[in-house]
Amino acid sequence: MTPAASAVDLQPEHPILRLEGVAMTFGGLRALSRVDLDVQPGERLAVLGPNGAGKTTLFNVITGDLAPTSGTIQVLGIDCTHLPSRLRPRLGVARTYQKTRLFPGLTVSDNLYLAQTGKLGRHLSLWRSGADERLRTRAAEMAARVWLGSEIDTVVGDLSHGQQRQLEIGVALVTEPQLVMLDEPASGLSRGERERLVQLLEGLPLETTVLLIEHDMEVALRVADRVVVLSEGRLVAEGTPDEIRNDRVVHDVYLGDHHDRTGSGNGREADLDG
Ligand SMILES: Nc1ncnc2c1ncn2[C@@H]1O[C@H](COP(=O)(O)OP(=O)(O)OP(=O)(O)O)[C@@H](O)[C@H]1O
Ligand SMILES: [Mg+2]
């Protein structure tokens with residue numbers, strides 16, 4: 001066990017996630033500006049904001065895919081600002097990506113299997129070991145939970161787009177993360193698939209903390225119990241789903257001058273008012 005992992009067990013009183021003064025610049029572009037954020041264990045937090053607001057960048061600095069320019073990130077009280085992303089699963093952090101990162105030439109089972117070996121710190125390998133059967137059983141259970149039970153031996157490249165999104169969530173959840181971060185999980189899903197996604201997220205264990213980036217307001221506001229809104233790299237609003245629905249700033253961010261400059265046509269007006 002790593003020192004970080006043993007410290008997790010000793011410090012349950014901390015927020016699961018604490019960001020202090022987190023900033024990220026790309027050359028001259030300030031993608032995040034002094035973001036402070038605490039997330040408590042079991043919270044379901046939606047991160048909203050227009051295109052380019054910095055939502056994915058926020059995820060990337062939390063997961064260590066990017067090192068922030070300044071500020072600190074703690075998971076359960078442990079400063080992991082500079083901890084490499086490959087070690088984050090051992091802290092109980094898992095995520096999905098806006099663009100799928102599955103292994104397209106492998107089966108559903110293989111993808112769910114490899115996700116578990118990755119968390120155990122093993123090299124990615126389909127080589128059969130003593131633990132193999134247990135991990136394969138867990139893979140099959142998770143496939144069923146994301147409605148892919150009958151596709152367990154299907155090669156990922158043969159799945160529909162929606163099924164691949166479901167599998168991606170399964171890959172994140174199969175490691176039993178304490179904190180799961182989903183970047184636009186509903187994008188590209190049909191209405192029926194979105195409904196199943198909401199049910200899946202609502203059915204997660206109460207202690208699982210969820211961070212959700214989602215442009216589909218209905219999905220975001222149904223799943224979340226707290227919402228933060230990013231605009232131009234700053235947190236500009238925070239509240240319950242009901243408060244956010246009625247927030248002037250949120251309407252300005254989505255529907256005002258700023259939004260006109262950064263592109264529209266994604267149906268958010270109807271979503272927010274609906
Ligand atoms: N690796 C990078 N290098 C340079 N610029 C980047 C990089 N990643 C993000 N950016 C820029 O940072 C800003 C924030 O991008 P980010 O992807 O975080 O936005 P977002 O809120 O996730 O948007 P979307 O809703 O379109 O996914 C954008 O201007 C983007 O072009
Ligand atoms: Mg994004």
# chains A, B, ... in the order shown; residues from 1 in each chain; ligands from 1
$ residues_around --residues "region 173-184 of chain A" --least-positions-apart "3" --cutoff "6 Å" --atoms "only C-alpha atoms" --output "PyMOL selection string"
chain A and resi 92-98+116+170+187+208-214
$ write_last_selection --atoms "N, CA, C and O atoms" --output "PDB file, in the first residue's frame"
ATOM      1  N   GLY A  92      -8.859   6.282  -5.139  1.00  0.00           N
ATOM      2  CA  GLY A  92     -10.307   6.117  -5.266  1.00  0.00           C
ATOM      3  C   GLY A  92     -10.936   7.115  -6.215  1.00  0.00           C
ATOM      4  O   GLY A  92     -12.118   7.412  -6.111  1.00  0.00           O
ATOM      5  N   VAL A  93     -10.147   7.649  -7.144  1.00  0.00           N
ATOM      6  CA  VAL A  93     -10.660   8.612  -8.122  1.00  0.00           C
ATOM      7  C   VAL A  93     -10.696   7.950  -9.496  1.00  0.00           C
ATOM      8  O   VAL A  93      -9.702   7.367  -9.928  1.00  0.00           O
ATOM      9  N   ALA A  94     -11.854   7.994 -10.150  1.00  0.00           N
ATOM     10  CA  ALA A  94     -11.979   7.454 -11.504  1.00  0.00           C
ATOM     11  C   ALA A  94     -12.727   8.459 -12.355  1.00  0.00           C
ATOM     12  O   ALA A  94     -13.501   9.261 -11.842  1.00  0.00           O
ATOM     13  N   ARG A  95     -12.499   8.421 -13.650  1.00  0.00           N
ATOM     14  CA  ARG A  95     -13.168   9.395 -14.509  1.00  0.00           C
ATOM     15  C   ARG A  95     -13.483   8.796 -15.870  1.00  0.00           C
ATOM     16  O   ARG A  95     -12.918   7.779 -16.259  1.00  0.00           O
ATOM     17  N   THR A  96     -14.380   9.467 -16.585  1.00  0.00           N
ATOM     18  CA  THR A  96     -14.552   9.209 -18.007  1.00  0.00           C
ATOM     19  C   THR A  96     -14.072  10.440 -18.756  1.00  0.00           C
ATOM     20  O   THR A  96     -13.930  11.524 -18.172  1.00  0.00           O
ATOM     21  N   TYR A  97     -13.818  10.264 -20.027  1.00  0.00           N
ATOM     22  CA  TYR A  97     -13.329  11.355 -20.861  1.00  0.00           C
ATOM     23  C   TYR A  97     -14.405  11.768 -21.844  1.00  0.00           C
ATOM     24  O   TYR A  97     -15.275  10.976 -22.213  1.00  0.00           O
ATOM     25  N   GLN A  98     -14.308  13.052 -22.269  1.00  0.00           N
ATOM     26  CA  GLN A  98     -15.276  13.587 -23.219  1.00  0.00           C
ATOM     27  C   GLN A  98     -15.224  12.774 -24.520  1.00  0.00           C
ATOM     28  O   GLN A  98     -16.252  12.477 -25.113  1.00  0.00           O
ATOM     29  N   GLN A 116      -9.717  -2.877 -13.891  1.00  0.00           N
ATOM     30  CA  GLN A 116      -9.450  -3.337 -12.518  1.00  0.00           C
ATOM     31  C   GLN A 116      -7.971  -3.605 -12.303  1.00  0.00           C
ATOM     32  O   GLN A 116      -7.415  -3.249 -11.264  1.00  0.00           O
ATOM     33  N   GLY A 170     -19.088   2.191 -16.975  1.00  0.00           N
ATOM     34  CA  GLY A 170     -18.789   0.935 -16.291  1.00  0.00           C
ATOM     35  C   GLY A 170     -17.313   0.804 -15.967  1.00  0.00           C
ATOM     36  O   GLY A 170     -16.937   0.372 -14.871  1.00  0.00           O
ATOM     37  N   SER A 187     -23.661  12.835 -23.767  1.00  0.00           N
ATOM     38  CA  SER A 187     -23.512  13.366 -25.127  1.00  0.00           C
ATOM     39  C   SER A 187     -23.632  12.226 -26.136  1.00  0.00           C
ATOM     40  O   SER A 187     -23.039  11.161 -25.969  1.00  0.00           O
ATOM     41  N   THR A 208     -20.863   7.104  -2.841  1.00  0.00           N
ATOM     42  CA  THR A 208     -20.059   7.442  -4.015  1.00  0.00           C
ATOM     43  C   THR A 208     -20.249   8.921  -4.350  1.00  0.00           C
ATOM     44  O   THR A 208     -21.374   9.381  -4.525  1.00  0.00           O
ATOM     45  N   THR A 209     -19.159   9.644  -4.418  1.00  0.00           N
ATOM     46  CA  THR A 209     -19.210  11.056  -4.779  1.00  0.00           C
ATOM     47  C   THR A 209     -19.153  11.167  -6.301  1.00  0.00           C
ATOM     48  O   THR A 209     -18.352  10.481  -6.940  1.00  0.00           O
ATOM     49  N   VAL A 210     -20.018  12.016  -6.855  1.00  0.00           N
ATOM     50  CA  VAL A 210     -20.091  12.143  -8.309  1.00  0.00           C
ATOM     51  C   VAL A 210     -19.860  13.591  -8.722  1.00  0.00           C
ATOM     52  O   VAL A 210     -20.516  14.504  -8.199  1.00  0.00           O
ATOM     53  N   LEU A 211     -18.924  13.806  -9.622  1.00  0.00           N
ATOM     54  CA  LEU A 211     -18.755  15.096 -10.299  1.00  0.00           C
ATOM     55  C   LEU A 211     -19.181  14.896 -11.740  1.00  0.00           C
ATOM     56  O   LEU A 211     -18.675  13.989 -12.421  1.00  0.00           O
ATOM     57  N   LEU A 212     -20.087  15.743 -12.191  1.00  0.00           N
ATOM     58  CA  LEU A 212     -20.711  15.526 -13.486  1.00  0.00           C
ATOM     59  C   LEU A 212     -20.643  16.794 -14.318  1.00  0.00           C
ATOM     60  O   LEU A 212     -21.163  17.831 -13.911  1.00  0.00           O
ATOM     61  N   ILE A 213     -19.976  16.715 -15.470  1.00  0.00           N
ATOM     62  CA  ILE A 213     -20.065  17.785 -16.461  1.00  0.00           C
ATOM     63  C   ILE A 213     -21.145  17.353 -17.440  1.00  0.00           C
ATOM     64  O   ILE A 213     -21.075  16.248 -17.973  1.00  0.00           O
ATOM     65  N   GLU A 214     -22.145  18.214 -17.645  1.00  0.00           N
ATOM     66  CA  GLU A 214     -23.222  17.776 -18.528  1.00  0.00           C
ATOM     67  C   GLU A 214     -23.932  18.968 -19.151  1.00  0.00           C
ATOM     68  O   GLU A 214     -24.388  19.852 -18.442  1.00  0.00           O
TER      69      GLU A 214
END
$ residues_near_ligand --ligand "ligand 1" --cutoff "7 Å" --atoms "only C-alpha atoms and all ligand atoms" --output "list in words"
Phe26, Leu29, Ala31, Gly49, Pro50, Asn51, Gly52, Ala53, Gly54, Lys55, Thr56, Thr57 and Leu58 of chain A
$ write_last_selection --atoms "N, CA and C atoms" --output "PDB file, in the first residue's frame"
ATOM      1  N   PHE A  26      -2.813  28.210 -20.474  1.00  0.00           N
ATOM      2  CA  PHE A  26      -2.188  27.594 -21.650  1.00  0.00           C
ATOM      3  C   PHE A  26      -1.599  28.741 -22.456  1.00  0.00           C
ATOM      4  N   LEU A  29      -3.574  31.952 -22.562  1.00  0.00           N
ATOM      5  CA  LEU A  29      -4.989  31.719 -22.266  1.00  0.00           C
ATOM      6  C   LEU A  29      -5.180  31.227 -20.835  1.00  0.00           C
ATOM      7  N   ALA A  31      -7.357  29.369 -18.608  1.00  0.00           N
ATOM      8  CA  ALA A  31      -8.492  28.440 -18.675  1.00  0.00           C
ATOM      9  C   ALA A  31      -9.179  28.297 -17.322  1.00  0.00           C
ATOM     10  N   GLY A  49     -21.510  25.083 -17.518  1.00  0.00           N
ATOM     11  CA  GLY A  49     -20.824  26.229 -18.105  1.00  0.00           C
ATOM     12  C   GLY A  49     -20.771  26.082 -19.605  1.00  0.00           C
ATOM     13  N   PRO A  50     -20.690  27.224 -20.325  1.00  0.00           N
ATOM     14  CA  PRO A  50     -20.684  27.163 -21.786  1.00  0.00           C
ATOM     15  C   PRO A  50     -19.412  26.515 -22.340  1.00  0.00           C
ATOM     16  N   ASN A  51     -19.386  26.280 -23.617  1.00  0.00           N
ATOM     17  CA  ASN A  51     -18.208  25.714 -24.266  1.00  0.00           C
ATOM     18  C   ASN A  51     -16.985  26.568 -23.969  1.00  0.00           C
ATOM     19  N   GLY A  52     -15.889  25.914 -23.624  1.00  0.00           N
ATOM     20  CA  GLY A  52     -14.641  26.629 -23.376  1.00  0.00           C
ATOM     21  C   GLY A  52     -14.554  27.261 -21.999  1.00  0.00           C
ATOM     22  N   ALA A  53     -15.539  26.992 -21.132  1.00  0.00           N
ATOM     23  CA  ALA A  53     -15.556  27.618 -19.796  1.00  0.00           C
ATOM     24  C   ALA A  53     -14.436  27.105 -18.895  1.00  0.00           C
ATOM     25  N   GLY A  54     -13.921  25.918 -19.211  1.00  0.00           N
ATOM     26  CA  GLY A  54     -12.848  25.361 -18.384  1.00  0.00           C
ATOM     27  C   GLY A  54     -13.251  24.092 -17.640  1.00  0.00           C
ATOM     28  N   LYS A  55     -14.402  23.526 -17.976  1.00  0.00           N
ATOM     29  CA  LYS A  55     -14.923  22.373 -17.233  1.00  0.00           C
ATOM     30  C   LYS A  55     -13.994  21.153 -17.352  1.00  0.00           C
ATOM     31  N   THR A  56     -13.638  20.818 -18.593  1.00  0.00           N
ATOM     32  CA  THR A  56     -12.761  19.651 -18.786  1.00  0.00           C
ATOM     33  C   THR A  56     -11.381  19.925 -18.211  1.00  0.00           C
ATOM     34  N   THR A  57     -10.918  21.159 -18.329  1.00  0.00           N
ATOM     35  CA  THR A  57      -9.623  21.514 -17.728  1.00  0.00           C
ATOM     36  C   THR A  57      -9.677  21.309 -16.215  1.00  0.00           C
ATOM     37  N   LEU A  58     -10.808  21.673 -15.605  1.00  0.00           N
ATOM     38  CA  LEU A  58     -10.973  21.446 -14.162  1.00  0.00           C
ATOM     39  C   LEU A  58     -10.828  19.953 -13.849  1.00  0.00           C
TER      40      LEU A  58
END
$ closest_residue --among "A:Ala224, A:Met142, A:Leu17, A:Ala172" --to "Thr100 (chain A)" --atoms "only C-alpha atoms"
A:Ala172
$ residues_around --residues "Leu200 (chain A)" --least-positions-apart "2" --cutoff "12 Å" --atoms "only C-alpha atoms" --output "ChimeraX atom specification"
/A:142,144-147,166-167,169-170,173,185-186,193-198,202-205,219,223
$ closest_residue --among "A:Asn246, A:Ser231, A:Ser109, A:Thr81" --to "Glu141 (chain A)" --atoms "only C-alpha atoms"
A:Ser109
$ residues_around --residues "Pro15 (chain A)" --least-positions-apart "2" --cutoff "6 Å" --atoms "only C-alpha atoms" --output "mmCIF file with all heavy atoms, in the first residue's frame"
data_model
loop_
_atom_site.group_PDB
_atom_site.id
_atom_site.type_symbol
_atom_site.label_atom_id
_atom_site.label_comp_id
_atom_site.auth_asym_id
_atom_site.auth_seq_id
_atom_site.Cartn_x
_atom_site.Cartn_y
_atom_site.Cartn_z
ATOM 1 N N LEU A 17 -12.782 16.165 -1.792
ATOM 2 C CA LEU A 17 -11.999 16.947 -2.747
ATOM 3 C C LEU A 17 -11.933 18.399 -2.283
ATOM 4 O O LEU A 17 -12.954 18.959 -1.875
ATOM 5 C CB LEU A 17 -12.682 16.869 -4.127
ATOM 6 C CG LEU A 17 -12.011 17.561 -5.294
ATOM 7 C CD1 LEU A 17 -10.680 16.887 -5.618
ATOM 8 C CD2 LEU A 17 -12.921 17.525 -6.514
ATOM 9 N N VAL A 39 -15.746 19.511 -2.060
ATOM 10 C CA VAL A 39 -16.793 18.533 -2.351
ATOM 11 C C VAL A 39 -16.806 17.529 -1.220
ATOM 12 O O VAL A 39 -15.765 16.962 -0.863
ATOM 13 C CB VAL A 39 -16.538 17.820 -3.692
ATOM 14 C CG1 VAL A 39 -17.674 16.852 -3.997
ATOM 15 C CG2 VAL A 39 -16.371 18.828 -4.829
ATOM 16 N N GLN A 40 -17.994 17.327 -0.622
ATOM 17 C CA GLN A 40 -18.110 16.414 0.521
ATOM 18 C C GLN A 40 -18.400 14.990 0.046
ATOM 19 O O GLN A 40 -19.002 14.796 -1.015
ATOM 20 C CB GLN A 40 -19.226 16.883 1.467
ATOM 21 C CG GLN A 40 -19.037 18.288 2.019
ATOM 22 C CD GLN A 40 -17.699 18.463 2.756
ATOM 23 O OE1 GLN A 40 -17.168 17.519 3.350
ATOM 24 N NE2 GLN A 40 -17.141 19.666 2.698
ATOM 25 N N LEU A 76 -9.267 13.778 0.024
ATOM 26 C CA LEU A 76 -9.347 13.322 1.418
ATOM 27 C C LEU A 76 -8.184 13.851 2.253
ATOM 28 O O LEU A 76 -7.579 13.110 3.040
ATOM 29 C CB LEU A 76 -9.413 11.793 1.464
ATOM 30 C CG LEU A 76 -10.758 11.225 0.997
ATOM 31 C CD1 LEU A 76 -10.669 9.731 0.776
ATOM 32 C CD2 LEU A 76 -11.868 11.561 1.991
#
$ closest_residue --among "A:Val171, A:Val61, A:Leu45, A:Ile244" --to "Val22 (chain A)" --atoms "only C-alpha atoms"
A:Val61
$ closest_residue --among "A:Asp247, A:Asp65, A:Glu151, A:Asp38" --to "Arg18 (chain A)" --atoms "only C-alpha atoms"
A:Asp38
$ select_by_dssp --residues "region 100-271 of chain A" --states "helix (DSSP H, G or I)" --output "PyMOL selection string"
chain A and resi 108-119+132-145+149-151+156-158+161-173+191-202+217-223+241-245+248-255+257-262+268-271
$ closest_residue --among "A:Arg90, A:Ala220, A:Arg165, A:Ala139" --to "Leu112 (chain A)" --atoms "only C-alpha atoms"
A:Ala139
$ select_by_dssp --residues "region 2-239 of chain A" --states "strand (DSSP E)" --output "PyMOL selection string"
chain A and resi 17-26+29-39+44-48+70-75+78-79+93-95+179-183+209-213+226-231+234-239
$ closest_residue --among "A:Leu230, A:Val250, A:Leu102, A:Ile78" --to "ligand 2" --atoms "only C-alpha atoms and all ligand atoms"
A:Leu230
$ residues_around --residues "Ala143 (chain A)" --least-positions-apart "5" --cutoff "7 Å" --atoms "only C-alpha atoms" --output "ChimeraX atom specification"
/A:148-149,152,170
